[in-house]
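Worksheet: the structure to be examined is printed underneath.
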Amino acid sequence: MHLTRKTGALTAAALLLASLTVSAPAFGSGSAAAPAGRAWHTSWAQSQQGLSAASLDDQTLRSIARLSQGGDAVRVRVQNTFSGAPLALGRGAVAVSADGGAATRPGTTRVLTFGGQRSVTVPAHGEVWSDPVALGTGPGTDLAVSLHVPGAVRPGEHGAAWRRNYLTPPGSGDHATDAAAAAFTAETGATYLVSAVDVRNPRVKGTVVAYGSSVVDGAGSLDCGPGCTPPATDNRWTDVLARRITRELPADRQLAVANAGVNGTTAAPDCPGSPAGIAGLDAASRLGRDVLALHGVTDVIFFYGTNDLQNGCTAGQVVAAYREVFARLRAAGVAVHVVPVTPRPIYTDRMNRHRWDIGTFVRDRGTCGGACDGLVDFDHTIKDPVAPNSINPAYDVGDGIHVNIAGHRAEGEAVPLPLPGFSRRQ
């Protein structure tokens with residue numbers, strides 16, 4: 001009897017290992033491979049946008065990823081996209097954060113491997129996905145992803161994490177598996193190197209990617225007004241949507257949500273007033289790595305155009321960029337749900353005429369005249385009913401561009417669930 005139980009346990013472990021290994025993406029490639037079956041879904045993302053001004057030197061970073069869906073295993077993506085030099089990584093680990101901070105729950109630490117090895121060199125301008133590791137998570141789990149960087153490097157970053165991430169001091173070495181927070185004495189508002197987390201969960205039916213500029217990224221999501229203390233973190237409209245999905249959709253229609261917003265970016269690549277820092281980050285240029293390289297993607301909520309108009313692009317340029325991106329997404333089997341360009345009081349009459357023309361295209365039959373799959377009308381949700389070229393004062397952070405926590409909540413509540421056509425695509 002004892003031998004039978006032991007043999008059964010070993011067999012079960014072998015089957016789990018086999019299932020995890022078969023579903024792993026290709027190691028060391030410039031883009032992720034498609035997963036086997038539909039078990040893997042990207043549950044969190046923060047798109048890399050450039051190299052950090054700060055350097056790392058024999059330090060351990062600990063990034064906190066709030067998962068939109070959980071599963072029985074995880075894997076992470078590490079990017080070196082913007083560096084011309086290889087990136088050497090030491091030991092990495094994942095664990096469940098104890099309270100959303102640097103400390104982790106006892107017994108949840110799992111060491112990461114990359115192609116079976118505990119260290120890896122990420123190629124210049126490349127990326128790697130870790131091997132899968134068994135770890136139980138759920139919707140809203142704060143996953144601590146720790147990476148030791150043994151040498152001196154300028155890491156790739158997402159500039160605004162909208163939460164705190166953690167670092168050990170320079171020269172402090174490997175603390176990737178520390179459960180205590182003591183070694184992580186520094187904080188950063190950026191997310192370094194880690195750009196996506198997948199979960200293994202065959203019950204999840206797809207991943208919704210929010211794609212756009214700062215209005216997607218989360219600007220304003222820590223602002224609840226003068227004298228107010230924000231209610232923790234994860235107040236972006238995409239976080240509201242993720243919580244709604246787990247609450248409102250049935251168990252057999254659950255979706256993950258990944259945020260692929262990058263501050264300051266545009267749909268069109270050639271707006272005359274665009275700053276140099278966003279060159280190469282337009283919607284078409286980064287679509288492959290920031291959307292199509294994620295896993296289980298079924299839907300994109302596309303929220304671009306506000307910066308295009310302010311940077312001097314015309315409606316024709318914006319609509320042409322929309323059409324290119326929409327065609328690529330739909331060719332990949334991804335449904336596209338478009339947000340009409342939202343108001344800004346600093347728009348000139350000329351800009352507002354272009355905004356009207358873009359809105360006319362998007363609203364044509366509610367499907368961009370057949371070029372997209374549906375409408376998510378944040379324009380209606382957040383505009384001032386008295387001055388429709390401005391944001392409702394109750395939602396305005398004060399810059400006339402971004403919404404506060406209440407505005408993010410209103411936007412997250414305005415996304416139709418289920419998304420149009422989702423049942424037909426299952």
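Naming works like this for the structure tokens: A, B, ... for the chains as they're shown, residue 1 at the start of each chain, ligands 1 onward in shown order.
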What's the 8 Å shell around range 335-342 of chain A, counting only C-alpha atoms, without same-chain residues fewer than 2 positions away, as a ChimeraX atom specification?
/A:298-306,326,329-330,333,344,355,358-359,362-363,372-379,382-383
Limited to C-alpha atoms, could you put the picked residues into a file as a PDB file, in the first residue's frame?
```pdb
ATOM      1  CA  THR A 298      -9.054  37.310 -27.544  1.00  0.00           C
ATOM      2  CA  ASP A 299      -9.954  41.011 -27.271  1.00  0.00           C
ATOM      3  CA  VAL A 300      -8.306  44.431 -27.370  1.00  0.00           C
ATOM      4  CA  ILE A 301      -9.823  47.624 -25.992  1.00  0.00           C
ATOM      5  CA  PHE A 302      -8.168  50.263 -28.145  1.00  0.00           C
ATOM      6  CA  PHE A 303      -7.946  53.750 -26.593  1.00  0.00           C
ATOM      7  CA  TYR A 304      -5.712  55.937 -28.756  1.00  0.00           C
ATOM      8  CA  GLY A 305      -5.957  59.318 -30.453  1.00  0.00           C
ATOM      9  CA  THR A 306      -5.907  61.951 -27.702  1.00  0.00           C
ATOM     10  CA  PHE A 326      -7.277  46.746 -36.453  1.00  0.00           C
ATOM     11  CA  LEU A 329      -5.395  42.255 -34.771  1.00  0.00           C
ATOM     12  CA  ARG A 330      -8.383  40.786 -36.584  1.00  0.00           C
ATOM     13  CA  GLY A 333      -8.243  36.376 -34.481  1.00  0.00           C
ATOM     14  CA  ARG A 344      -9.599  67.906 -23.822  1.00  0.00           C
ATOM     15  CA  ARG A 355     -11.986  64.463 -33.103  1.00  0.00           C
ATOM     16  CA  ILE A 358     -12.553  60.153 -35.870  1.00  0.00           C
ATOM     17  CA  GLY A 359     -15.658  59.664 -33.728  1.00  0.00           C
ATOM     18  CA  VAL A 362     -15.606  54.763 -34.902  1.00  0.00           C
ATOM     19  CA  ARG A 363     -19.375  55.097 -34.417  1.00  0.00           C
ATOM     20  CA  CYS A 372     -13.687  46.881 -35.664  1.00  0.00           C
ATOM     21  CA  ASP A 373     -15.991  44.784 -33.509  1.00  0.00           C
ATOM     22  CA  GLY A 374     -17.555  47.218 -31.089  1.00  0.00           C
ATOM     23  CA  LEU A 375     -17.559  50.483 -29.179  1.00  0.00           C
ATOM     24  CA  VAL A 376     -16.543  51.269 -25.583  1.00  0.00           C
ATOM     25  CA  ASP A 377     -17.907  54.774 -25.159  1.00  0.00           C
ATOM     26  CA  PHE A 378     -15.711  56.440 -22.549  1.00  0.00           C
ATOM     27  CA  ASP A 379     -16.286  59.702 -24.435  1.00  0.00           C
ATOM     28  CA  ILE A 382     -16.519  61.145 -18.857  1.00  0.00           C
ATOM     29  CA  LYS A 383     -17.453  64.260 -20.858  1.00  0.00           C
TER      30      LYS A 383
END
```
Per residue of range 170-246 of chain A within 12 Å of range 259-282 of chain A, what are the shortest atom pair and its distance in Å to one decimal, counting only C-alpha atoms, with rows by chain and residue number, as CSV?
```
residue,atom,partner,partner_atom,distance
A:Ser195,CA,A:Ala260,CA,9.5
A:Ala196,CA,A:Asn259,CA,9.5
A:Val197,CA,A:Asn259,CA,11.4
A:Thr207,CA,A:Asn259,CA,10.3
A:Val208,CA,A:Asn259,CA,8.5
A:Val209,CA,A:Asn259,CA,5.8
A:Ala210,CA,A:Asn259,CA,5.0
A:Tyr211,CA,A:Ala260,CA,4.9
A:Gly212,CA,A:Gly261,CA,4.7
A:Ser213,CA,A:Val262,CA,4.7
A:Ser214,CA,A:Asn263,CA,4.0
A:Val215,CA,A:Gly261,CA,7.5
A:Val216,CA,A:Gly261,CA,4.8
A:Asp217,CA,A:Gly261,CA,4.0
A:Gly218,CA,A:Gly261,CA,7.8
A:Ala219,CA,A:Asn263,CA,8.1
A:Gly220,CA,A:Asn263,CA,11.9
A:Asp234,CA,A:Asn259,CA,11.4
A:Arg236,CA,A:Asn259,CA,9.5
A:Trp237,CA,A:Asn259,CA,9.8
A:Thr238,CA,A:Asn259,CA,6.8
A:Asp239,CA,A:Asn259,CA,8.9
A:Val240,CA,A:Asn259,CA,11.9
A:Leu241,CA,A:Asn259,CA,11.0
A:Ala242,CA,A:Asn259,CA,10.5
```
Give me every helix (DSSP H, G or I) residue in range 81-306 of chain A, going by DSSP on the backbone, as a short mmCIF file (atom, residue, chain, number, x, y, z; two decimals) with N, CA and C atoms, in the first residue's frame.
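As written to disk, part.cif reads:
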```cif
data_model
loop_
_atom_site.label_atom_id
_atom_site.label_comp_id
_atom_site.auth_asym_id
_atom_site.auth_seq_id
_atom_site.Cartn_x
_atom_site.Cartn_y
_atom_site.Cartn_z
N SER A 214 -1.44 57.16 -21.88
CA SER A 214 -1.56 57.32 -20.42
C SER A 214 -2.98 57.10 -19.92
N VAL A 215 -3.97 57.32 -20.78
CA VAL A 215 -5.36 57.12 -20.38
C VAL A 215 -5.67 55.63 -20.19
N VAL A 216 -4.82 54.76 -20.71
CA VAL A 216 -4.88 53.33 -20.43
C VAL A 216 -3.90 52.97 -19.31
N ASP A 217 -2.71 53.53 -19.39
CA ASP A 217 -1.64 53.20 -18.46
C ASP A 217 -2.07 53.37 -17.01
N TRP A 237 -8.92 51.90 -14.52
CA TRP A 237 -10.17 51.35 -15.06
C TRP A 237 -10.01 49.89 -15.47
N THR A 238 -8.79 49.50 -15.85
CA THR A 238 -8.56 48.09 -16.17
C THR A 238 -8.65 47.21 -14.93
N ASP A 239 -8.25 47.74 -13.76
CA ASP A 239 -8.40 46.99 -12.51
C ASP A 239 -9.88 46.85 -12.15
N VAL A 240 -10.63 47.93 -12.34
CA VAL A 240 -12.08 47.87 -12.10
C VAL A 240 -12.71 46.83 -13.01
N LEU A 241 -12.32 46.82 -14.28
CA LEU A 241 -12.86 45.84 -15.22
C LEU A 241 -12.52 44.42 -14.79
N ALA A 242 -11.28 44.19 -14.38
CA ALA A 242 -10.88 42.84 -13.95
C ALA A 242 -11.73 42.37 -12.78
N ARG A 243 -11.98 43.25 -11.82
CA ARG A 243 -12.80 42.86 -10.67
C ARG A 243 -14.26 42.62 -11.09
N ARG A 244 -14.75 43.42 -12.03
CA ARG A 244 -16.11 43.19 -12.53
C ARG A 244 -16.23 41.83 -13.21
N ILE A 245 -15.22 41.46 -13.98
CA ILE A 245 -15.27 40.18 -14.68
C ILE A 245 -15.40 39.03 -13.70
N THR A 246 -14.60 39.03 -12.65
CA THR A 246 -14.67 37.92 -11.69
C THR A 246 -16.00 37.92 -10.95
N ARG A 247 -16.59 39.10 -10.80
CA ARG A 247 -17.84 39.21 -10.04
C ARG A 247 -19.08 38.97 -10.91
N GLU A 248 -19.04 39.40 -12.17
CA GLU A 248 -20.25 39.44 -12.98
C GLU A 248 -20.37 38.34 -14.02
N ALA A 251 -18.55 31.39 -14.28
CA ALA A 251 -17.26 30.71 -14.16
C ALA A 251 -16.73 30.22 -15.49
N ASP A 252 -17.62 29.89 -16.43
CA ASP A 252 -17.16 29.39 -17.72
C ASP A 252 -16.98 30.49 -18.75
N ARG A 253 -16.99 31.76 -18.31
CA ARG A 253 -16.77 32.88 -19.23
C ARG A 253 -15.77 33.89 -18.65
N ALA A 276 10.50 63.46 -29.03
CA ALA A 276 11.44 62.43 -29.51
C ALA A 276 11.38 61.17 -28.67
N GLY A 277 11.03 61.29 -27.41
CA GLY A 277 11.06 60.14 -26.51
C GLY A 277 10.07 59.05 -26.82
N ILE A 278 9.06 59.34 -27.65
CA ILE A 278 8.09 58.28 -27.97
C ILE A 278 8.29 57.71 -29.36
N LEU A 287 2.85 46.89 -31.49
CA LEU A 287 1.75 45.94 -31.40
C LEU A 287 2.23 44.51 -31.24
N GLY A 288 3.27 44.12 -31.97
CA GLY A 288 3.73 42.74 -31.93
C GLY A 288 4.19 42.33 -30.55
N ARG A 289 5.05 43.13 -29.92
CA ARG A 289 5.61 42.71 -28.63
C ARG A 289 4.66 42.98 -27.46
N ASP A 290 3.82 44.03 -27.57
CA ASP A 290 3.02 44.43 -26.41
C ASP A 290 1.62 43.86 -26.40
N VAL A 291 1.16 43.32 -27.53
CA VAL A 291 -0.17 42.72 -27.58
C VAL A 291 -0.10 41.30 -28.14
N LEU A 292 0.38 41.17 -29.37
CA LEU A 292 0.32 39.87 -30.05
C LEU A 292 1.25 38.84 -29.44
N THR A 306 -5.95 60.67 -28.42
CA THR A 306 -5.91 61.95 -27.70
C THR A 306 -4.58 62.67 -27.92
#
```
Residues of range 303-414 of chain A in strand (DSSP E), written as a ChimeraX atom specification
/A:303,335-338,374-375
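You can rank A:Asn307, A:Thr314, A:Ser172, A:Thr60 by their closest distance to Gly90 in chain A using only C-alpha atoms, and at the top of that list sits A:Thr60.
Of the residues under consideration (A:Asn389, A:Gln117, A:Thr168, A:Gln317), A:Thr168 shows the shortest atom-to-atom contact distance to Leu56 in chain A when counting only C-alpha atoms.
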Between A:Ala186, A:Val145, A:Ala406, A:Val78, which is the closest to Pro231 in chain A once you count only C-alpha atoms?
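The answer is A:Ala406, which sits nearest to Pro231 in chain A.
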Between A:Gly366, A:Gly225, A:Pro388, A:Pro86, which is the closest to Asn352 in chain A once you count only C-alpha atoms?
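Of A:Gly366, A:Gly225, A:Pro388, A:Pro86, the one nearest Asn352 in chain A is A:Pro388, counting only C-alpha atoms.
As for CA of Arg105 in chain A and CA of Ala182 in chain A, they are spaced 14.1 Å apart.
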Using only C-alpha atoms, determine which residues lie at most 6 Å from Ala124 in chain A, disregarding the query and same-chain residues fewer than 4 positions distant; provide the list as a list in words.
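Listing them by chain and then by number gives Ser83, Gly84, Ala85 and Pro86 of chain A.
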Considering only C-alpha atoms, return as a list of chain:residue names whatever protein or nucleic-acid residues lie within 9 Å of Gly140 in chain A, sequence-local ones (same chain, fewer than 3 positions apart) excluded.
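Once the nearby chain positions are removed, what remains is A:Arg66, A:Leu67, A:Ser68, A:Gln69, A:Gly70, A:Thr137, A:Ala242, A:Arg243.
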Need the shell around Pro345 in chain A: protein/DNA/RNA residues with any atom at most 12 Å away, counting only C-alpha atoms. Skip same-chain ones fewer than 3 positions apart. Format as a PyMOL selection string?
chain A and resi 306+310+342+348-349+351-352+383-384+387-393+396+398-402
